[in-house]
file start.txt (compact mmCIF, C-alpha atoms)
# COMPACT_ATOMS: atom_id res chain seq x y z
CA MET A 1 63.25 69.85 63.56
CA ALA A 2 63.19 73.52 62.70
CA HIS A 3 66.41 75.29 63.47
CA ARG A 4 65.49 78.42 65.38
CA ARG A 5 67.90 81.21 65.94
CA PRO A 6 68.68 82.19 69.56
CA ILE A 7 67.92 85.66 70.85
CA HIS A 8 71.46 85.90 72.19
CA PRO A 9 74.22 84.00 70.34
CA LEU A 10 76.43 81.75 72.47
CA ALA A 11 79.48 84.01 72.08
CA LEU A 12 77.52 86.98 73.40
CA ARG A 13 76.21 85.03 76.39
CA VAL A 14 79.67 83.78 77.37
CA MET A 15 81.11 87.29 77.08
CA HIS A 16 78.17 88.75 79.01
CA TRP A 17 78.73 86.52 82.03
CA LEU A 18 82.52 86.80 81.97
CA ASN A 19 82.00 90.54 81.90
CA ALA A 20 79.58 90.30 84.81
CA ILE A 21 82.20 88.45 86.91
CA ALA A 22 84.90 90.98 85.98
CA ILE A 23 82.70 94.04 86.59
CA VAL A 24 81.43 92.86 89.99
CA THR A 25 84.98 91.99 91.10
CA LEU A 26 86.34 95.32 89.86
CA ILE A 27 83.62 97.38 91.55
CA GLY A 28 83.83 95.51 94.86
CA SER A 29 87.62 95.67 95.01
CA GLY A 30 87.61 99.25 93.72
CA TRP A 31 85.41 100.27 96.64
CA GLU A 32 87.89 98.74 99.07
CA ILE A 33 90.75 100.62 97.36
CA TYR A 34 88.73 103.87 97.50
CA ASP A 35 88.14 103.31 101.23
CA ALA A 36 91.91 103.38 101.88
CA SER A 37 91.95 107.07 100.94
CA PRO A 38 88.44 108.42 100.34
CA PHE A 39 88.11 111.80 98.65
CA LEU A 40 84.39 112.16 99.32
CA PRO A 41 82.84 112.32 102.81
CA PHE A 42 81.88 108.64 102.83
CA THR A 43 83.33 105.15 102.55
CA PHE A 44 81.78 101.97 101.21
CA PRO A 45 80.65 99.46 103.84
CA GLN A 46 83.09 96.61 104.35
CA TRP A 47 80.47 93.96 103.55
CA ALA A 48 80.04 95.40 100.04
CA THR A 49 83.75 95.30 99.20
CA ILE A 50 85.99 92.55 97.85
CA GLY A 51 89.49 91.71 99.07
CA GLN A 52 89.06 92.42 102.81
CA TRP A 53 92.08 94.74 102.94
CA LEU A 54 93.89 97.08 100.57
CA GLY A 55 96.48 94.51 99.44
CA GLY A 56 93.83 91.89 98.69
CA ALA A 57 91.62 94.43 96.93
CA ILE A 58 94.41 95.68 94.67
CA ALA A 59 95.35 92.09 93.82
CA TRP A 60 91.74 91.33 92.81
CA HIS A 61 91.41 94.62 90.95
CA LEU A 62 94.57 94.13 88.89
CA ALA A 63 93.70 90.48 88.17
CA ALA A 64 90.08 91.10 87.12
CA ILE A 65 91.11 94.01 84.89
CA TRP A 66 92.78 91.54 82.52
CA LEU A 67 89.55 89.55 82.25
CA LEU A 68 87.64 92.77 81.59
CA MET A 69 90.10 94.07 78.99
CA LEU A 70 90.51 90.78 77.10
CA ASN A 71 86.81 89.99 77.19
CA GLY A 72 85.96 93.60 76.34
CA ALA A 73 88.34 93.64 73.37
CA LEU A 74 86.82 90.36 72.11
CA TYR A 75 83.33 91.82 72.55
CA LEU A 76 84.16 95.03 70.66
CA GLY A 77 85.85 93.05 67.87
CA TRP A 78 82.98 90.56 67.70
CA GLY A 79 80.37 93.32 67.74
CA LEU A 80 82.04 95.16 64.87
CA VAL A 81 82.83 92.11 62.73
CA THR A 82 79.45 90.38 63.07
CA GLY A 83 77.51 93.62 62.62
CA HIS A 84 75.96 93.18 66.07
CA PHE A 85 76.51 96.83 66.98
CA ARG A 86 75.23 98.06 63.61
CA ARG A 87 72.12 95.87 63.71
CA LYS A 88 71.25 96.04 67.42
CA LEU A 89 72.55 99.36 68.73
CA LEU A 90 72.08 101.58 65.65
CA PRO A 91 70.45 103.74 64.49
CA LEU A 92 69.95 105.88 67.53
CA SER A 93 68.22 109.25 67.43
CA LEU A 94 67.30 111.74 70.12
CA ARG A 95 63.69 111.62 68.91
CA ALA A 96 63.56 107.81 69.32
CA VAL A 97 65.12 108.04 72.78
CA LEU A 98 62.53 110.63 73.89
CA ARG A 99 59.67 108.61 72.38
CA ASP A 100 60.75 105.38 74.07
CA THR A 101 61.56 107.09 77.37
CA ILE A 102 58.02 108.52 77.54
CA ALA A 103 56.55 105.16 76.53
CA ALA A 104 58.64 103.38 79.16
CA ALA A 105 57.61 105.87 81.86
CA ARG A 106 53.96 105.04 81.05
CA PHE A 107 54.79 101.30 80.98
CA HIS A 108 53.67 101.33 77.34
CA LEU A 109 57.00 100.23 75.93
CA PRO A 110 56.62 96.64 74.73
CA HIS A 111 59.52 94.19 75.12
CA ARG A 112 60.35 92.68 71.76
CA PRO A 113 62.83 89.82 72.10
CA GLY A 114 65.97 90.38 70.08
CA VAL A 115 65.24 94.05 69.41
CA TYR A 116 66.60 96.82 71.61
CA ASN A 117 64.44 99.91 72.03
CA ALA A 118 66.04 103.34 71.85
CA VAL A 119 66.48 103.63 75.63
CA GLN A 120 68.26 100.29 75.74
CA ARG A 121 70.47 101.30 72.82
CA LEU A 122 71.42 104.51 74.59
CA LEU A 123 72.14 102.64 77.84
CA TYR A 124 74.21 99.94 76.14
CA LEU A 125 76.24 102.41 74.08
CA GLY A 126 76.61 104.58 77.17
CA VAL A 127 77.89 101.77 79.37
CA ILE A 128 80.35 100.64 76.67
CA GLY A 129 81.67 104.22 76.63
CA LEU A 130 81.85 104.28 80.43
CA GLY A 131 83.74 100.98 80.38
CA VAL A 132 86.32 102.41 77.99
CA LEU A 133 86.56 105.57 80.13
CA ALA A 134 87.00 103.47 83.29
CA VAL A 135 89.84 101.46 81.70
CA LEU A 136 91.65 104.55 80.37
CA SER A 137 91.30 106.56 83.59
CA GLY A 138 92.31 103.46 85.55
CA LEU A 139 95.49 103.16 83.46
CA ALA A 140 96.18 106.85 84.20
CA VAL A 141 95.82 106.19 87.96
CA TRP A 142 97.97 103.04 87.72
CA LYS A 143 100.84 104.60 85.74
CA PRO A 144 100.90 108.41 86.09
CA VAL A 145 104.65 108.42 85.34
CA GLN A 146 105.08 105.86 82.55
CA LEU A 147 101.74 106.75 80.91
CA TRP A 148 102.09 110.47 81.63
CA PRO A 149 100.46 111.60 78.35
CA LEU A 150 97.32 109.73 79.38
CA SER A 151 97.58 111.11 82.92
CA ASP A 152 97.98 114.65 81.54
CA LEU A 153 95.04 114.11 79.21
CA PHE A 154 92.82 113.40 82.21
CA GLY A 155 94.22 116.37 84.14
CA GLY A 156 96.75 114.60 86.37
CA PHE A 157 96.74 111.87 89.00
CA PHE A 158 93.99 113.16 91.26
CA VAL A 159 91.58 114.12 88.48
CA SER A 160 92.16 110.68 86.92
CA ARG A 161 91.06 109.16 90.24
CA VAL A 162 87.92 111.30 90.26
CA ILE A 163 87.08 110.43 86.63
CA HIS A 164 87.71 106.75 87.38
CA PHE A 165 85.26 107.06 90.28
CA ILE A 166 82.66 108.84 88.10
CA ALA A 167 82.95 106.11 85.44
CA MET A 168 82.38 103.51 88.18
CA ALA A 169 79.35 105.44 89.46
CA GLY A 170 77.89 105.56 85.94
CA ILE A 171 78.40 101.81 85.49
CA VAL A 172 76.77 101.13 88.87
CA LEU A 173 73.83 103.32 87.83
CA PHE A 174 73.56 101.31 84.62
CA LEU A 175 73.61 98.07 86.64
CA VAL A 176 70.78 99.31 88.85
CA VAL A 177 68.60 100.09 85.80
CA HIS A 178 69.73 96.88 84.06
CA LEU A 179 68.79 94.69 87.04
CA LEU A 180 65.57 96.64 87.62
CA LEU A 181 64.49 95.94 84.04
CA VAL A 182 65.35 92.26 84.43
CA ALA A 183 63.23 92.22 87.59
CA LEU A 184 60.33 93.83 85.68
CA VAL A 185 60.64 91.47 82.68
CA PRO A 186 62.09 88.33 84.29
CA ARG A 187 61.69 86.20 81.15
CA VAL A 188 64.74 87.94 79.63
CA LEU A 189 67.04 86.29 82.19
CA PRO A 190 66.81 82.64 81.00
CA ALA A 191 67.43 83.84 77.43
CA MET A 192 70.76 85.33 78.47
CA ILE A 193 71.70 81.89 79.86
CA THR A 194 70.24 79.39 77.37
CA GLY A 195 70.08 81.72 74.38
CA GLY A 196 66.30 81.59 74.04
CA HIS A 197 64.53 81.53 70.67
CA LEU A 198 63.52 84.37 68.42
CA PRO A 199 59.69 84.18 68.31
CA ASN A 200 59.37 84.98 64.62
CA PRO A 201 59.05 81.92 62.35
CA GLU A 202 58.02 84.06 59.32
CA SER A 203 61.39 85.69 59.14
CA GLU A 204 63.03 82.27 59.22
CA ALA A 205 60.82 81.05 56.40
CA ALA A 206 61.88 84.04 54.40
CA GLU A 207 65.56 83.19 54.75
CA MET B 1 66.81 69.29 74.70
CA PRO B 2 65.39 70.33 78.08
CA ALA B 3 68.03 68.22 79.81
CA LEU B 4 70.77 70.02 77.95
CA THR B 5 69.26 73.37 78.82
CA LEU B 6 69.05 72.44 82.46
CA ASN B 7 72.63 71.21 82.38
CA ARG B 8 73.98 74.31 80.83
CA ARG B 9 72.09 76.46 83.27
CA ASN B 10 73.37 74.37 86.16
CA LEU B 11 76.92 74.67 84.94
CA LEU B 12 76.68 78.40 84.62
CA GLY B 13 75.02 78.67 88.01
CA ARG B 14 77.80 76.61 89.54
CA ALA B 15 80.45 78.69 87.81
CA LEU B 16 78.87 81.86 89.13
CA ALA B 17 78.52 80.38 92.62
CA LEU B 18 82.18 79.34 92.53
CA GLY B 19 83.15 82.82 91.40
CA ALA B 20 81.12 84.37 94.18
CA ALA B 21 82.48 81.94 96.78
CA THR B 22 86.12 82.49 95.87
CA THR B 23 85.45 86.20 95.77
CA LEU B 24 83.87 86.29 99.18
CA THR B 25 86.11 83.92 101.11
CA GLY B 26 89.84 83.21 101.28
CA CYS B 27 90.81 85.85 98.80
CA ASP B 28 92.72 88.17 101.00
CA PHE B 29 96.16 86.71 101.67
CA ASP B 30 94.86 85.94 105.18
CA ASP B 31 97.73 83.59 105.81
CA PRO B 32 100.51 84.20 103.25
CA SER B 33 102.40 81.06 104.28
CA HIS B 34 99.36 78.89 103.43
CA PRO B 35 97.99 80.30 100.16
CA ASP B 36 94.64 78.94 99.01
CA VAL B 37 93.53 78.60 95.38
CA ALA B 38 92.46 82.23 95.13
CA ASP B 39 95.76 83.40 96.62
CA ARG B 40 97.67 81.34 94.04
CA VAL B 41 95.68 82.87 91.19
CA LEU B 42 96.20 86.37 92.59
CA ASN B 43 99.93 85.75 93.07
CA ALA B 44 100.27 84.51 89.49
CA MET B 45 98.43 87.59 88.21
CA SER B 46 100.59 89.84 90.38
CA HIS B 47 103.76 88.29 88.85
CA TRP B 48 102.27 88.83 85.42
CA ASN B 49 101.63 92.47 86.36
CA ASP B 50 105.29 92.75 87.47
CA GLU B 51 106.35 91.72 83.98
CA VAL B 52 103.93 94.09 82.30
CA GLN B 53 105.23 96.96 84.44
CA ALA B 54 108.86 96.07 83.68
CA ALA B 55 107.97 96.16 79.97
CA LEU B 56 106.19 99.50 80.39
CA PHE B 57 109.12 100.98 82.33
CA ASN B 58 111.06 103.44 80.20
CA PRO B 59 114.47 104.34 81.75
CA HIS B 60 114.30 107.77 80.07
CA THR B 61 110.81 108.71 81.28
CA LEU B 62 111.15 111.10 84.21
CA ALA B 63 108.65 111.47 87.02
CA PRO B 64 107.14 114.98 87.06
CA THR B 65 108.97 117.61 89.12
CA PHE B 66 107.30 120.48 90.95
CA PRO B 67 108.04 124.06 92.08
CA ALA B 68 108.96 124.62 95.74
CA SER B 69 105.54 126.21 96.26
CA ALA B 70 103.91 122.82 95.62
CA ILE B 71 105.69 121.11 98.53
CA THR B 72 103.23 119.57 101.00
CA ARG B 73 103.49 121.20 104.44
CA PRO B 74 103.50 119.87 107.00
CA PRO B 75 104.95 116.67 105.53
CA ARG B 76 102.89 113.51 105.98
CA PHE B 77 104.32 110.70 108.08
CA ASN B 78 103.47 107.15 107.08
CA ALA B 79 104.75 103.79 108.29
CA PHE B 80 103.45 100.50 109.70
CA TYR B 81 103.84 101.99 113.20
CA ASP B 82 103.07 105.29 114.97
CA ILE B 83 105.39 108.25 114.53
CA ASP B 84 106.87 107.98 118.04
CA LYS B 85 108.03 104.42 117.24
CA ALA B 86 110.29 105.54 114.39
CA PRO B 87 113.78 104.01 114.83
CA GLN B 88 116.40 106.28 116.41
CA VAL B 89 119.68 105.64 114.67
CA ASP B 90 123.01 106.65 116.27
CA LEU B 91 124.99 108.35 113.50
CA ALA B 92 128.28 107.68 115.29
CA THR B 93 127.87 103.93 114.93
CA TRP B 94 125.63 103.79 111.86
CA ARG B 95 127.11 102.19 108.77
CA LEU B 96 125.59 101.32 105.44
CA GLY B 97 126.40 97.63 105.07
CA LEU B 98 126.88 96.22 101.58
CA THR B 99 126.08 92.64 100.61
CA GLY B 100 125.85 90.43 97.54
CA ARG B 101 127.24 91.09 94.06
CA ILE B 102 129.33 94.13 95.01
CA GLY B 103 133.08 94.49 94.37
CA ASP B 104 133.87 96.86 97.24
CA LYS B 105 131.89 95.88 100.32
CA GLN B 106 133.48 98.32 102.74
CA PRO B 107 130.64 99.76 104.90
CA TRP B 108 129.90 103.46 104.41
CA ARG B 109 129.63 106.18 107.05
CA ILE B 110 127.20 109.06 106.61
CA ALA B 111 129.99 111.65 106.11
CA GLN B 112 131.37 109.60 103.22
CA LEU B 113 127.96 109.60 101.54
CA ARG B 114 127.64 113.33 102.05
CA ALA B 115 131.01 113.83 100.35
CA LEU B 116 129.65 112.35 97.11
CA PRO B 117 127.90 114.54 94.49
CA GLN B 118 124.37 115.31 95.69
CA GLU B 119 121.23 115.30 93.57
CA SER B 120 118.14 117.30 94.60
CA GLN B 121 114.58 116.76 93.44
CA ILE B 122 111.09 118.06 94.18
CA THR B 123 108.88 115.13 93.28
CA ARG B 124 105.56 113.58 94.16
CA LEU B 125 105.24 110.52 96.36
CA ILE B 126 102.11 108.53 95.53
CA CYS B 127 100.98 106.13 98.24
CA VAL B 128 99.41 102.81 97.29
CA GLU B 129 96.43 104.00 99.36
CA GLY B 130 95.75 106.73 96.82
CA TRP B 131 96.99 109.92 98.49
CA ARG B 132 100.01 111.85 97.31
CA VAL B 133 102.42 114.44 98.69
CA VAL B 134 105.11 116.59 97.12
CA GLY B 135 108.46 116.81 98.89
CA GLN B 136 112.04 117.83 98.32
CA TRP B 137 114.74 115.22 98.77
CA SER B 138 118.44 115.27 98.03
CA GLY B 139 121.17 112.68 98.19
CA VAL B 140 123.32 110.37 96.11
CA ARG B 141 122.11 108.92 92.83
CA LEU B 142 121.75 105.20 93.44
CA GLY B 143 123.10 104.40 89.96
CA ASP B 144 126.27 106.45 90.64
CA PHE B 145 126.68 104.78 94.02
CA LEU B 146 126.27 101.28 92.60
CA ARG B 147 128.97 101.95 89.99
CA ARG B 148 131.25 103.48 92.64
CA ILE B 149 131.10 100.34 94.81
CA ASN B 150 131.63 98.12 91.74
CA ALA B 151 128.21 96.55 92.01
CA ASP B 152 127.12 94.09 89.34
CA THR B 153 124.63 96.33 87.52
CA LYS B 154 123.65 93.36 85.36
CA ALA B 155 122.19 91.68 88.47
CA ARG B 156 118.41 91.69 88.74
CA TYR B 157 117.66 93.23 92.14
CA VAL B 158 118.79 95.82 94.63
CA SER B 159 117.58 95.09 98.17
CA PHE B 160 117.34 97.26 101.28
CA GLN B 161 117.33 96.32 104.98
CA CYS B 162 115.97 98.93 107.38
CA ALA B 163 116.58 99.75 111.05
CA ASP B 164 112.90 99.08 111.87
CA GLY B 165 112.82 95.60 110.36
CA TYR B 166 111.31 96.81 107.10
CA PHE B 167 112.85 95.48 103.91
CA GLU B 168 112.37 96.23 100.26
CA SER B 169 113.78 95.46 96.82
CA ILE B 170 113.62 97.00 93.37
CA ASP B 171 114.57 95.94 89.85
CA MET B 172 118.00 97.01 88.57
CA GLU B 173 116.52 99.08 85.70
CA SER B 174 114.61 101.23 88.20
CA ALA B 175 117.67 101.39 90.50
CA LEU B 176 119.70 102.94 87.66
CA HIS B 177 117.00 105.52 86.83
CA PRO B 178 118.44 109.06 87.18
CA GLN B 179 115.76 110.10 89.71
CA THR B 180 116.39 107.15 92.02
CA ILE B 181 118.45 108.48 94.92
CA LEU B 182 119.75 107.44 98.31
CA ALA B 183 118.33 110.49 100.09
CA LEU B 184 120.15 112.13 103.02
CA ASP B 185 118.13 115.35 103.21
CA PHE B 186 114.43 116.11 103.25
CA LEU B 187 113.09 119.66 102.85
CA GLY B 188 116.61 121.07 102.98
CA ALA B 189 117.70 119.46 106.26
CA PRO B 190 119.07 116.04 107.27
CA LEU B 191 116.37 113.38 107.39
CA THR B 192 114.62 113.05 110.74
CA ALA B 193 113.73 109.69 112.26
CA PRO B 194 110.07 109.58 111.08
CA PHE B 195 111.13 110.38 107.52
CA GLY B 196 113.85 107.79 107.30
CA ALA B 197 117.03 109.05 108.99
CA PRO B 198 119.79 108.74 108.25
CA LEU B 199 119.39 107.31 104.74
CA ARG B 200 116.35 106.40 102.69
CA LEU B 201 115.51 105.37 99.16
CA ARG B 202 113.67 108.00 97.16
CA ILE B 203 112.31 106.56 93.93
CA PRO B 204 109.58 108.68 92.33
CA THR B 205 108.91 106.10 89.59
CA LYS B 206 107.49 103.74 92.21
CA LEU B 207 104.79 103.81 94.86
CA GLY B 208 105.49 105.01 98.41
CA TYR B 209 106.04 101.61 100.02
CA LYS B 210 109.01 100.96 97.71
CA ASN B 211 110.80 104.00 99.24
CA ALA B 212 112.59 102.19 102.07
CA LYS B 213 113.48 104.35 105.10
CA SER B 214 116.29 104.17 107.68
CA ILE B 215 118.40 101.87 105.51
CA VAL B 216 121.15 99.90 107.24
CA ALA B 217 122.15 97.52 104.44
CA LEU B 218 122.05 97.48 100.66
CA GLY B 219 122.37 94.29 98.62
CA VAL B 220 122.74 93.41 94.95
CA THR B 221 121.42 89.99 94.06
CA ASN B 222 119.80 87.73 91.49
CA GLN B 223 117.71 86.00 94.17
CA PHE B 224 114.27 87.58 94.52
CA PRO B 225 114.39 89.48 97.85
CA SER B 226 110.65 90.43 97.99
CA GLY B 227 109.62 93.04 100.58
CA TYR B 228 107.77 93.69 103.83
CA TRP B 229 104.37 94.41 102.23
CA GLU B 230 104.93 92.18 99.22
CA LYS B 231 105.12 89.17 101.56
CA GLN B 232 101.59 90.10 102.63
CA GLY B 233 100.22 90.52 99.13
CA TYR B 234 101.25 93.88 97.69
CA ASN B 235 102.48 93.88 94.12
CA TRP B 236 106.28 93.75 93.96
CA PHE B 237 107.12 96.05 91.04
CA GLY B 238 104.93 98.81 92.51
CA GLY B 239 105.63 101.09 89.56
CA SER B 240 104.06 104.48 89.08
call {"tool": "encode", "arguments": {"input": "start.txt", "output": "structure tokens"}}
result
Amino acid sequence: MAHRRPIHPLALRVMHWLNAIAIVTLIGSGWEIYDASPFLPFTFPQWATIGQWLGGAIAWHLAAIWLLMLNGALYLGWGLVTGHFRRKLLPLSLRAVLRDTIAAARFHLPHRPGVYNAVQRLLYLGVIGLGVLAVLSGLAVWKPVQLWPLSDLFGGFFVSRVIHFIAMAGIVLFLVVHLLLVALVPRVLPAMITGGHLPNPESEAAE
Amino acid sequence: MPALTLNRRNLLGRALALGAATTLTGCDFDDPSHPDVADRVLNAMSHWNDEVQAALFNPHTLAPTFPASAITRPPRFNAFYDIDKAPQVDLATWRLGLTGRIGDKQPWRIAQLRALPQESQITRLICVEGWRVVGQWSGVRLGDFLRRINADTKARYVSFQCADGYFESIDMESALHPQTILALDFLGAPLTAPFGAPLRLRIPTKLGYKNAKSIVALGVTNQFPSGYWEKQGYNWFGGS
């Protein structure tokens, strides 16, 4: 029986779904925390929040953050050590992003399993950056006294809150696009669960 | 092979469903005396976060101070009741009771506290809800007071009982922090009832709910005293 390589290695799939649980919990509980003292002229509807009240929401938020940080650190380490970032997310050029954006807008951008197009690379690198920004600004909101250099770096307690909110909004925007693309190309979903198979036997023969 | 695939998918689906279910249902400290599985997990994580905060706490790191022009006016009232329900304390009969690991447990009158060296600060109070105000408080350094009454400063907790039934407790390291004071004055005048008359804790290295108001008793203990909101699910250390 030919051994075929999966599109997504097992480690990546496990980290992806752990991250999904952490992110959804953090966003839902974060919305409830925001609602306790909104700084924009709206609040999030109660049905979309997690924790039911401020105390519950904070408890969920500060529990899920450990899952996000541990899993995220493992992911970054794994991505660097295995060359995943280098192979899958790089190189990235403005020209390639423009080319693929135009192609995508015309629905001419083909989905090639196991290869990220330039738009995907930009989105994935962008959301990794937003995740790091969300964690750092969140630490600044959590500990403006003990971690005062970080708080000062962000411009103080209130600005840290605003940046934390913007990072969340960016991640939510990514999720909308991410889920929209999955809805458009549904066959990518099973591969993120079972691993799928790379459809290229020639490259295997060459190995 | 297909069976394995199906299995794995099922497992993941079930794990996700479980995650969603625990997230959406009893995850809110609905009934603190009957914690469900999610509550137990959250409590364990909250204790872990207490330890992380204690490790992060640096006794020499000061909370930022502000110029008088930054003081929030009018001051913002906050409690678990409306402003007209704030406890009215009779200064003539009020005493600060002392309990626990304290050498000299003689109760204190307000005039005696005022006779001690006073410390003034213009600091920011950050509420757990996310808002913040700047105010000016002055009073007795808690660390100085604890040494004066021969308290066991190697004990783990300092607890506070309030005239309105509120109660709070803090770790000894935070109690000995130079900016932690037993405040008698707010904005240059004796505390008024809504702002914690006649004596309140002012601790700018912790969140607002740790700043107990209208204190009637202070205790030093190694038994975890918890707090009014902590019993309902707030994090105990509440550091800032």
call {"tool": "atom_distance", "arguments": {"input": "start.txt", "atom1": "CA of Ala175 in chain B", "atom2": "CA of Ala111 in chain B"}}
result
22.4 Å
call {"tool": "residues_around", "arguments": {"input": "start.txt", "residues": "Arg121 in chain A", "least_positions_apart": "5", "cutoff": "8 Å", "atoms": "all atoms listed in the file", "output": "PyMOL selection string"}}
result
chain A and resi 88-90+92+116
call {"tool": "closest_residue", "arguments": {"input": "start.txt", "among": "A:Arg86, A:Arg161, A:His16, A:His8", "to": "chain B", "atoms": "all atoms listed in the file"}}
result
A:Arg161
call {"tool": "closest_residue", "arguments": {"input": "start.txt", "among": "A:Trp53, A:Phe174, A:Phe165, A:Phe44", "to": "chain B", "atoms": "only C-alpha atoms"}}
result
A:Trp53
call {"tool": "interface_residues", "arguments": {"input": "start.txt", "of": "chain A", "to": "chain B", "cutoff": "8 Å", "atoms": "all atoms listed in the file", "output": "PyMOL selection string"}}
result
chain A and resi 21+25+33-34+36-37+50-60+62-63+142-146+193-194
call {"tool": "atom_distance", "arguments": {"input": "start.txt", "atom1": "CA of Asp171 in chain B", "atom2": "CA of Val158 in chain B"}}
result
6.4 Å
call {"tool": "atom_distance", "arguments": {"input": "start.txt", "atom1": "CA of Arg4 in chain A", "atom2": "CA of Gly195 in chain A"}}
result
10.6 Å
call {"tool": "closest_residue", "arguments": {"input": "start.txt", "among": "A:Leu139, A:His164, A:Val172, A:Gly155", "to": "Met69 in chain A", "atoms": "only C-alpha atoms"}}
result
A:Leu139
call {"tool": "closest_residue", "arguments": {"input": "start.txt", "among": "A:Leu68, A:Ala20, A:Leu122, A:Ala134", "to": "Ile166 in chain A", "atoms": "only C-alpha atoms"}}
result
A:Ala134
call {"tool": "build_atoms", "arguments": {"input": "start.txt", "residues": "range 141-146 of chain A", "atoms": "all heavy atoms", "output": "compact mmCIF listing (two decimals), in the coordinates of the input"}}
result
# COMPACT_ATOMS: atom_id res chain seq x y z
N VAL A 141 95.59 106.26 86.52
CA VAL A 141 95.82 106.19 87.96
C VAL A 141 96.96 105.21 88.27
O VAL A 141 97.79 105.44 89.14
CB VAL A 141 94.53 105.75 88.69
CG1 VAL A 141 94.81 105.45 90.16
CG2 VAL A 141 93.46 106.82 88.56
N TRP A 142 96.99 104.12 87.49
CA TRP A 142 97.97 103.04 87.72
C TRP A 142 99.38 103.49 87.37
O TRP A 142 100.35 103.17 88.05
CB TRP A 142 97.56 101.83 86.87
CG TRP A 142 98.35 100.58 87.05
CD1 TRP A 142 98.65 99.95 88.22
CD2 TRP A 142 98.92 99.78 86.01
NE1 TRP A 142 99.37 98.81 87.98
CE2 TRP A 142 99.55 98.68 86.63
CE3 TRP A 142 98.95 99.88 84.61
CZ2 TRP A 142 100.19 97.69 85.89
CZ3 TRP A 142 99.60 98.89 83.88
CH2 TRP A 142 100.21 97.80 84.52
N LYS A 143 99.52 104.25 86.26
CA LYS A 143 100.84 104.60 85.74
C LYS A 143 100.95 106.08 85.38
O LYS A 143 101.14 106.44 84.22
CB LYS A 143 101.15 103.75 84.49
CG LYS A 143 101.46 102.30 84.80
CD LYS A 143 102.86 102.14 85.34
CE LYS A 143 103.02 100.80 86.01
NZ LYS A 143 102.49 100.79 87.37
N PRO A 144 100.83 106.97 86.39
CA PRO A 144 100.90 108.41 86.09
C PRO A 144 102.27 108.85 85.57
O PRO A 144 102.37 109.89 84.94
CB PRO A 144 100.58 109.07 87.44
CG PRO A 144 100.87 108.02 88.45
CD PRO A 144 100.59 106.71 87.80
N VAL A 145 103.32 108.05 85.84
CA VAL A 145 104.65 108.42 85.34
C VAL A 145 104.88 107.82 83.95
O VAL A 145 105.12 108.55 82.97
CB VAL A 145 105.76 107.96 86.31
CG1 VAL A 145 107.13 108.23 85.71
CG2 VAL A 145 105.62 108.68 87.64
N GLN A 146 104.78 106.49 83.84
CA GLN A 146 105.08 105.86 82.55
C GLN A 146 104.05 106.24 81.49
O GLN A 146 104.39 106.40 80.32
CB GLN A 146 105.15 104.33 82.71
CG GLN A 146 106.23 103.85 83.68
CD GLN A 146 107.62 104.34 83.32
OE1 GLN A 146 107.92 104.60 82.16
NE2 GLN A 146 108.47 104.52 84.33
